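Student: Here it is: the structure, laid out below.
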Amino acid sequence: MNTLLAIFFYLSTLVFVVGLLQRIRNYANTPVPLKIPTTPAPTTTGGVVLRMTREVVFFESLFKANLWTWALGWLFHFSMLLVLLRHLRYFTDPVWGWVEFIQPFGMYAGILMLLGLCGLWARRLFVERIRYISTPSDHLMLVLFIGIAASGLLMTFAVHTDVIGVKSFFLGLMHLTIQPLPTNAVLYVHLSLVCTLLIIFPISKLLHAPGVFFSPTRNQTDNSREKRHIAAWAAKLESEK
Amino acid sequence: MATITAPAYRIIPIIPALIPGAMEGPGPYVASDKINEALGFPGHLVDDWHDKAIAKMGDLLSKYRSLKVYMDACVHCGACSDKCHYFIGTADPKNMPVARQDLMRSVYRRYFTLPGKIFPKLVGARDLTREVLDEWHNYFHQCSECRRCSVFCPYGIDTAEVTMAAREILDTVGYGQKYSNEIIGKVHRIGNNLGLPAPALLDTLEGLEEDVKEATGIDVRFPIDVHGAEVLLITPSADFFAEPHIDSLIGYAKVFHATGTSWTLSSMSSEAANFGMFIGNYDQLRTIALRIRQAALELGVKRIVVGECGHAWRVAYSFWNTLSGVGDGAEPNDRFAQMLQKQLDHRYKQPMHICEFTWDMIENERLVFDKSLNDKHIITFHDSCNVARGSSMGGYPGGQFDIPRNIIKAVANNYYEMDPSTTHERTFCCGGGGGILTDDLMEVRVKGALPRMEVLQQVADEHGVNFMACICAICKAQFSKVLPIYGFDRRVVGGVHQLVSNAIILGVK
């Protein structure tokens, strides 16, 4: 089983990294022919950095749109961030001090993450408008995240697993050796779901994560009168005349 | 056509329950062969429309990062789902911005993504069938490209970008909209949307000079094709004879007169509107914008000022520099743009909005007003969508909100704001923008005006507001038509420079 999971991990990480990089390169290489920031917009690069930071850290636009979705979404995302950071302890030896420090917070963040996810799913199921726009994959994506969070929490609070063993497995993977993995069905489920997520990431709506940074309505400076902006394909139209 | 009645106001503005299929139908009139061919589009739906449409979609995805990112990034969170005036007015779920985008996103997923190719049902992907194409024609003409959804989207997804792409694809296969395409044809042939030829224009302007002389006793000129004038005024052609537009044109002329500014109109380039944006076609957008460049070069003007028109100001402010070089900051080796930019006077913003011009003059105390002349008006201001969310004024974020309000307050005594959830960046479209201002879409227009009419009614009841000022030709035309259906007088709508015109005192400075 540990060999199987090791291969799964290598494969899914490869798909994740290559897929994501390709997608990002694709976004970066696609021209932006016109200035389309949603105004009022910052007139300087510094201002754009601030706007993007507010968007990514505080979900500013979502806050304007709907407080429930904002609260649940923010809870989910930032709990997940804490949880992810907490997991660094399985990949570092010795464990960095600050990772050590956030361990207890990360544990409880797992619960909040699950709550956020359940809230978002309830919204998707019970609010008529959101149900209307949901595809099966929207529901499955939440199920996948809930599965990951629930199996993780189960190991933290109920069926404990041998975390030293888990750590040596991952340190082994990082040094290209396959170490034994503790026998624990919940652990296998947890890890398989994570691998599935990694594979799905670059071909799904999870691309909103890199996408937001490339969104012209958010990342453009509002200086169209002061600086001429022109895409290469559009400039060609001028030379043809 | 059956009479269209106004939908009832919502007692509390709750989100409507969905009425699937409420706005199903054939959509607007399809452009005729003659109209389409004049723009270089196929005359009518081509036989291989399916392949052509998919190929065009691929082409647009490679040219517009916005479209590519927006097709991928939506997570169906629903933040936008209750933000569109057409959804609020019609309750048709396909008028929720996310659902409108999904009309195209479903096709994108089927043809351009791996999961959509393998598991279409799972990810909501679908083939591009004739039914889907018809649905595009209908629902992508129930979007006014007002960008309200983009304010609330956590990724900034702008449905306007998707609507433009959809219309561009429809035009590519010969399934474009009559209204927009016919008007674009007129601009190419005659120089303005209304198809007003130069002699008629000259007549109108002479008539205006006589009218103003009669009313004020002062010779306010409406010059046209004057070489060497300082300012070229580019204004929506509706200003030349539609009501209440014309009153704002008189206002601009009085401001120029009072400040001693030498200015001119152009008979060749007598249109600020640019419907190329509505149909998402870069070539049309550019060709129309180039008329202004040409007029500026031929007349040798130093400044370009734009009249009251919403999307025109978006195109002028955000796109003209790109399309035609009207602006500043071109690279030294950019001969195309430099040719014009060297001629323009860069002590002033290029292009400049007429409100920026007037406010500047007010701040410099170059204008004198008798505010009491506007006392019969109790005024509110409707932020036009494309000005609010697609442009700016005054060189700082939010100037597009302050400057028109500053002008109103400088020329009138009674001013009240509407509900703040419906003004500034959150303003509602009038319901007629983005190529919707046509009689064959009257039902869409009336229902789309609902959220604005509700809050107008509110300030009318609370403060007795009887005048809604705005700076957009489409808003003015749309409201003139729709206000009576909601029980208001059609003259409740008017321009900011109409108020300026009422209060300005000529011949004192």
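Residues are referred to by chain and number: the chain letter is A, B, ... according to the order shown in the structure tokens, the number counts from 1 in that chain, and ligands are numbered separately from 1 in the order shown.
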Taking only C-alpha atoms into account, report as a PyMOL selection string which residues of chain B lie within 6 Å of chain A.
Tutor: chain B and resi 62-65+69+72-73+75+78-79+122-124+152-156+318+321-322+327-330+389-390+397-398
Student: Show which residues sit within 12 Å of Glu131 in chain B, as a ChimeraX atom specification. Count only C-alpha atoms, and ignore same-chain residues fewer than 5 positions away.
Tutor: /B:24-26,50,103,126,136-138
Student: Output the selection as a PDB file, in the first residue's frame - C-alpha atoms for each residue.
Tutor:
ATOM      1  CA  GLU B  24     -37.264  32.842 -23.270  1.00  0.00           C
ATOM      2  CA  GLY B  25     -37.829  33.922 -26.821  1.00  0.00           C
ATOM      3  CA  PRO B  26     -36.259  34.663 -30.154  1.00  0.00           C
ATOM      4  CA  HIS B  50     -20.876  25.188 -35.565  1.00  0.00           C
ATOM      5  CA  LEU B 103     -24.312  29.734 -21.414  1.00  0.00           C
ATOM      6  CA  ARG B 126     -22.724  20.889 -23.473  1.00  0.00           C
ATOM      7  CA  TRP B 136     -27.033  32.947 -26.872  1.00  0.00           C
ATOM      8  CA  HIS B 137     -28.757  35.284 -29.284  1.00  0.00           C
ATOM      9  CA  ASN B 138     -31.587  35.785 -26.820  1.00  0.00           C
TER      10      ASN B 138
END
Student: Could you work out how far CA of Asn414 in chain B lies from CA of Lys213 in chain B, giving the answer in Å with one decimal?
Tutor: 28.2 Å
Student: Show which residues sit within 10 Å of Trp359 in chain B, as a VMD selection string. Count only C-alpha atoms, and ignore same-chain residues fewer than 4 positions away.
Tutor: chain B and resid 353 to 355 363 to 367 394 403 to 408 410
Student: Keeping N, CA and C atoms, export the residues of the selection given above as an mmCIF file, in the first residue's frame.
Tutor:
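After the write, part_4.cif holds the following:
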data_model
loop_
_atom_site.group_PDB
_atom_site.id
_atom_site.type_symbol
_atom_site.label_atom_id
_atom_site.label_comp_id
_atom_site.auth_asym_id
_atom_site.auth_seq_id
_atom_site.Cartn_x
_atom_site.Cartn_y
_atom_site.Cartn_z
ATOM 1 N N HIS B 353 -13.437 64.836 -20.459
ATOM 2 C CA HIS B 353 -14.900 64.799 -20.411
ATOM 3 C C HIS B 353 -15.420 66.230 -20.276
ATOM 4 N N ILE B 354 -16.562 66.492 -20.875
ATOM 5 C CA ILE B 354 -17.142 67.841 -20.792
ATOM 6 C C ILE B 354 -17.366 68.244 -19.327
ATOM 7 N N CYS B 355 -17.649 67.259 -18.472
ATOM 8 C CA CYS B 355 -17.824 67.582 -17.051
ATOM 9 C C CYS B 355 -16.490 68.002 -16.417
ATOM 10 N N GLU B 363 -14.146 75.796 -11.009
ATOM 11 C CA GLU B 363 -13.130 75.941 -9.959
ATOM 12 C C GLU B 363 -12.269 77.178 -10.178
ATOM 13 N N ASN B 364 -12.003 77.471 -11.451
ATOM 14 C CA ASN B 364 -11.202 78.660 -11.761
ATOM 15 C C ASN B 364 -12.039 79.927 -11.813
ATOM 16 N N GLU B 365 -13.282 79.811 -11.400
ATOM 17 C CA GLU B 365 -14.192 80.960 -11.341
ATOM 18 C C GLU B 365 -14.343 81.671 -12.675
ATOM 19 N N ARG B 366 -14.402 80.879 -13.715
ATOM 20 C CA ARG B 366 -14.590 81.449 -15.046
ATOM 21 C C ARG B 366 -16.064 81.475 -15.444
ATOM 22 N N LEU B 367 -16.924 80.883 -14.613
ATOM 23 C CA LEU B 367 -18.346 80.816 -14.956
ATOM 24 C C LEU B 367 -19.179 81.433 -13.834
ATOM 25 N N GLY B 394 -11.037 63.422 -13.705
ATOM 26 C CA GLY B 394 -10.290 64.221 -12.733
ATOM 27 C C GLY B 394 -8.951 63.632 -12.339
ATOM 28 N N ILE B 403 -17.247 64.694 -9.746
ATOM 29 C CA ILE B 403 -17.270 65.866 -10.627
ATOM 30 C C ILE B 403 -18.674 66.217 -11.128
ATOM 31 N N PRO B 404 -19.443 65.245 -11.655
ATOM 32 C CA PRO B 404 -20.806 65.633 -12.074
ATOM 33 C C PRO B 404 -21.649 66.144 -10.904
ATOM 34 N N ARG B 405 -21.477 65.546 -9.729
ATOM 35 C CA ARG B 405 -22.237 66.005 -8.557
ATOM 36 C C ARG B 405 -21.810 67.417 -8.162
ATOM 37 N N ASN B 406 -20.485 67.668 -8.205
ATOM 38 C CA ASN B 406 -19.988 69.010 -7.894
ATOM 39 C C ASN B 406 -20.620 70.049 -8.813
ATOM 40 N N ILE B 407 -20.703 69.701 -10.097
ATOM 41 C CA ILE B 407 -21.277 70.651 -11.056
ATOM 42 C C ILE B 407 -22.736 70.923 -10.700
ATOM 43 N N ILE B 408 -23.488 69.838 -10.453
ATOM 44 C CA ILE B 408 -24.914 70.019 -10.128
ATOM 45 C C ILE B 408 -25.061 70.935 -8.916
ATOM 46 N N ALA B 410 -23.082 73.142 -7.904
ATOM 47 C CA ALA B 410 -22.648 74.508 -8.201
ATOM 48 C C ALA B 410 -23.696 75.289 -8.987
#
Student: List the spatial neighbours of Tyr9 in chain B as a list of chain:residue names - criterion: any atom at most 12 Å away, only C-alpha atoms, same-chain residues fewer than 3 positions off excluded.
Tutor: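 After dropping sequence-adjacent residues, the list is B:Ala6, B:Ile12, B:Pro13, B:Ile14, B:Pro16, B:Ile88, B:Gly89, B:Lys447, B:Ala449, B:Leu450, B:Pro451, B:Arg452, B:Met453, B:Glu454, B:Val455, B:Leu456, B:Gln457, B:Gln458, B:Tyr486, B:Gly487.
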Student: Quick check, in Å to one decimal: how far apart do CA of Trp121 in chain A and CA of Ser192 in chain A lie?
Tutor: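 Going from CA of Trp121 in chain A over to CA of Ser192 in chain A covers 21.9 Å.
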Student: For range 307-313 of chain B, work out the shell of residues within 10 Å, counting only C-alpha atoms and skipping chain neighbours fewer than 3 positions away, then give it as a ChimeraX atom specification.
Tutor: /B:145-146,233-239,245,248-249,252,271-275,277-278,316-320,351-355,383-388,390-393,433-434,470-476,495-497
Student: Can I get the selection written as a compact mmCIF listing (two decimals), in the first residue's frame, with N, CA and C atoms?
Tutor:
# COMPACT_ATOMS: atom_id res chain seq x y z
N GLU B 145 -23.92 45.02 -20.58
CA GLU B 145 -22.47 45.21 -20.44
C GLU B 145 -22.18 46.32 -19.43
N CYS B 146 -22.96 46.34 -18.34
CA CYS B 146 -22.87 47.45 -17.39
C CYS B 146 -21.82 47.21 -16.31
N LEU B 233 -15.07 68.98 -30.13
CA LEU B 233 -16.08 68.34 -29.29
C LEU B 233 -16.65 67.13 -30.01
N ILE B 234 -16.51 65.97 -29.36
CA ILE B 234 -17.09 64.74 -29.89
C ILE B 234 -18.25 64.38 -28.97
N THR B 235 -19.45 64.36 -29.52
CA THR B 235 -20.61 64.16 -28.66
C THR B 235 -21.56 63.16 -29.29
N PRO B 236 -22.38 62.48 -28.51
CA PRO B 236 -23.31 61.53 -29.13
C PRO B 236 -24.26 62.26 -30.06
N SER B 237 -24.56 61.68 -31.21
CA SER B 237 -25.35 62.41 -32.20
C SER B 237 -26.77 62.68 -31.71
N ALA B 238 -27.22 61.93 -30.71
CA ALA B 238 -28.54 62.21 -30.14
C ALA B 238 -28.60 63.64 -29.62
N ASP B 239 -27.45 64.19 -29.21
CA ASP B 239 -27.40 65.56 -28.71
C ASP B 239 -27.85 66.58 -29.75
N HIS B 245 -31.63 65.48 -24.80
CA HIS B 245 -30.20 65.56 -25.08
C HIS B 245 -29.76 66.95 -25.54
N SER B 248 -28.50 69.65 -23.26
CA SER B 248 -27.12 69.56 -22.77
C SER B 248 -26.14 70.11 -23.80
N LEU B 249 -26.42 69.85 -25.08
CA LEU B 249 -25.56 70.41 -26.13
C LEU B 249 -25.54 71.93 -26.03
N TYR B 252 -23.22 72.80 -23.29
CA TYR B 252 -21.77 72.78 -23.61
C TYR B 252 -21.41 74.07 -24.35
N GLU B 271 -19.94 61.69 -34.00
CA GLU B 271 -20.50 60.66 -33.13
C GLU B 271 -19.49 60.26 -32.06
N ALA B 272 -19.93 60.33 -30.80
CA ALA B 272 -19.06 59.85 -29.73
C ALA B 272 -19.30 58.37 -29.46
N ALA B 273 -20.54 57.93 -29.67
CA ALA B 273 -20.88 56.54 -29.36
C ALA B 273 -20.03 55.60 -30.21
N ASN B 274 -19.75 54.44 -29.68
CA ASN B 274 -18.99 53.46 -30.44
C ASN B 274 -19.59 52.08 -30.19
N PHE B 275 -20.52 51.71 -31.08
CA PHE B 275 -21.23 50.44 -30.90
C PHE B 275 -20.34 49.23 -31.21
N MET B 277 -17.96 48.46 -29.47
CA MET B 277 -17.77 47.84 -28.16
C MET B 277 -18.91 46.88 -27.83
N PHE B 278 -20.12 47.31 -28.16
CA PHE B 278 -21.29 46.47 -27.82
C PHE B 278 -21.19 45.09 -28.44
N ALA B 316 -13.73 56.32 -24.88
CA ALA B 316 -12.80 57.44 -25.01
C ALA B 316 -11.73 57.38 -23.93
N TYR B 317 -12.17 57.24 -22.71
CA TYR B 317 -11.24 57.28 -21.58
C TYR B 317 -10.32 56.06 -21.57
N SER B 318 -10.92 54.88 -21.68
CA SER B 318 -10.14 53.66 -21.50
C SER B 318 -9.51 53.11 -22.78
N PHE B 319 -10.18 53.35 -23.93
CA PHE B 319 -9.73 52.67 -25.15
C PHE B 319 -9.13 53.58 -26.23
N TRP B 320 -9.48 54.85 -26.26
CA TRP B 320 -9.03 55.68 -27.39
C TRP B 320 -7.51 55.71 -27.53
N PRO B 351 -8.32 62.20 -23.86
CA PRO B 351 -9.42 63.13 -24.05
C PRO B 351 -9.95 63.62 -22.71
N MET B 352 -10.74 64.68 -22.75
CA MET B 352 -11.31 65.23 -21.53
C MET B 352 -12.83 65.14 -21.59
N HIS B 353 -13.44 64.84 -20.46
CA HIS B 353 -14.90 64.80 -20.41
C HIS B 353 -15.42 66.23 -20.28
N ILE B 354 -16.56 66.49 -20.87
CA ILE B 354 -17.14 67.84 -20.79
C ILE B 354 -17.37 68.24 -19.33
N CYS B 355 -17.65 67.26 -18.47
CA CYS B 355 -17.82 67.58 -17.05
C CYS B 355 -16.49 68.00 -16.42
N ASP B 383 -25.83 57.68 -11.65
CA ASP B 383 -24.52 57.34 -12.19
C ASP B 383 -24.71 56.39 -13.37
N SER B 384 -24.24 56.79 -14.54
CA SER B 384 -24.36 55.91 -15.69
C SER B 384 -23.31 54.81 -15.58
N CYS B 385 -23.72 53.59 -15.92
CA CYS B 385 -22.91 52.42 -15.58
C CYS B 385 -21.50 52.46 -16.16
N ASN B 386 -21.39 52.81 -17.43
CA ASN B 386 -20.06 52.74 -18.05
C ASN B 386 -19.13 53.84 -17.57
N VAL B 387 -19.71 54.97 -17.18
CA VAL B 387 -18.89 56.03 -16.59
C VAL B 387 -18.43 55.57 -15.20
N ALA B 388 -19.37 55.00 -14.43
CA ALA B 388 -19.07 54.63 -13.05
C ALA B 388 -18.03 53.52 -12.96
N GLY B 390 -16.38 51.89 -15.75
CA GLY B 390 -15.47 51.65 -16.86
C GLY B 390 -14.60 52.85 -17.20
N SER B 391 -14.63 53.87 -16.36
CA SER B 391 -13.85 55.07 -16.67
C SER B 391 -13.59 55.85 -15.40
N SER B 392 -13.03 57.02 -15.55
CA SER B 392 -12.82 57.90 -14.41
C SER B 392 -12.85 59.34 -14.90
N MET B 393 -12.68 60.26 -13.98
CA MET B 393 -12.56 61.68 -14.34
C MET B 393 -11.65 62.32 -13.31
N GLY B 433 -28.71 50.06 -21.95
CA GLY B 433 -27.34 50.17 -22.44
C GLY B 433 -26.88 48.98 -23.25
N GLY B 434 -25.68 49.10 -23.81
CA GLY B 434 -25.01 47.96 -24.44
C GLY B 434 -25.72 47.35 -25.63
N CYS B 470 -28.28 62.95 -15.50
CA CYS B 470 -27.32 61.90 -15.83
C CYS B 470 -26.43 62.41 -16.94
N ILE B 471 -25.40 61.65 -17.27
CA ILE B 471 -24.48 62.08 -18.33
C ILE B 471 -24.33 60.97 -19.35
N CYS B 472 -25.46 60.55 -19.89
CA CYS B 472 -25.40 59.47 -20.88
C CYS B 472 -26.57 59.58 -21.83
N ALA B 473 -26.28 59.53 -23.14
CA ALA B 473 -27.32 59.66 -24.15
C ALA B 473 -28.28 58.48 -24.11
N ILE B 474 -27.73 57.30 -23.81
CA ILE B 474 -28.59 56.11 -23.77
C ILE B 474 -29.50 56.18 -22.55
N CYS B 475 -28.94 56.55 -21.39
CA CYS B 475 -29.78 56.71 -20.20
C CYS B 475 -30.93 57.68 -20.49
N LYS B 476 -30.59 58.80 -21.14
CA LYS B 476 -31.62 59.82 -21.40
C LYS B 476 -32.72 59.25 -22.29
N GLY B 495 -29.95 66.11 -18.71
CA GLY B 495 -28.49 66.09 -18.60
C GLY B 495 -27.97 67.03 -17.54
N VAL B 496 -26.74 66.78 -17.11
CA VAL B 496 -26.09 67.68 -16.16
C VAL B 496 -25.91 69.05 -16.81
N HIS B 497 -25.54 69.07 -18.11
CA HIS B 497 -25.33 70.36 -18.76
C HIS B 497 -26.62 71.07 -19.13
Student: How would you write, as a VMD selection string, the set of residues in range 81-212 of chain A that DSSP gives as helix (DSSP H, G or I)?
Tutor: chain A and resid 81 to 90 97 to 126 128 to 133 136 to 157 163 to 174 185 to 203 205 to 212
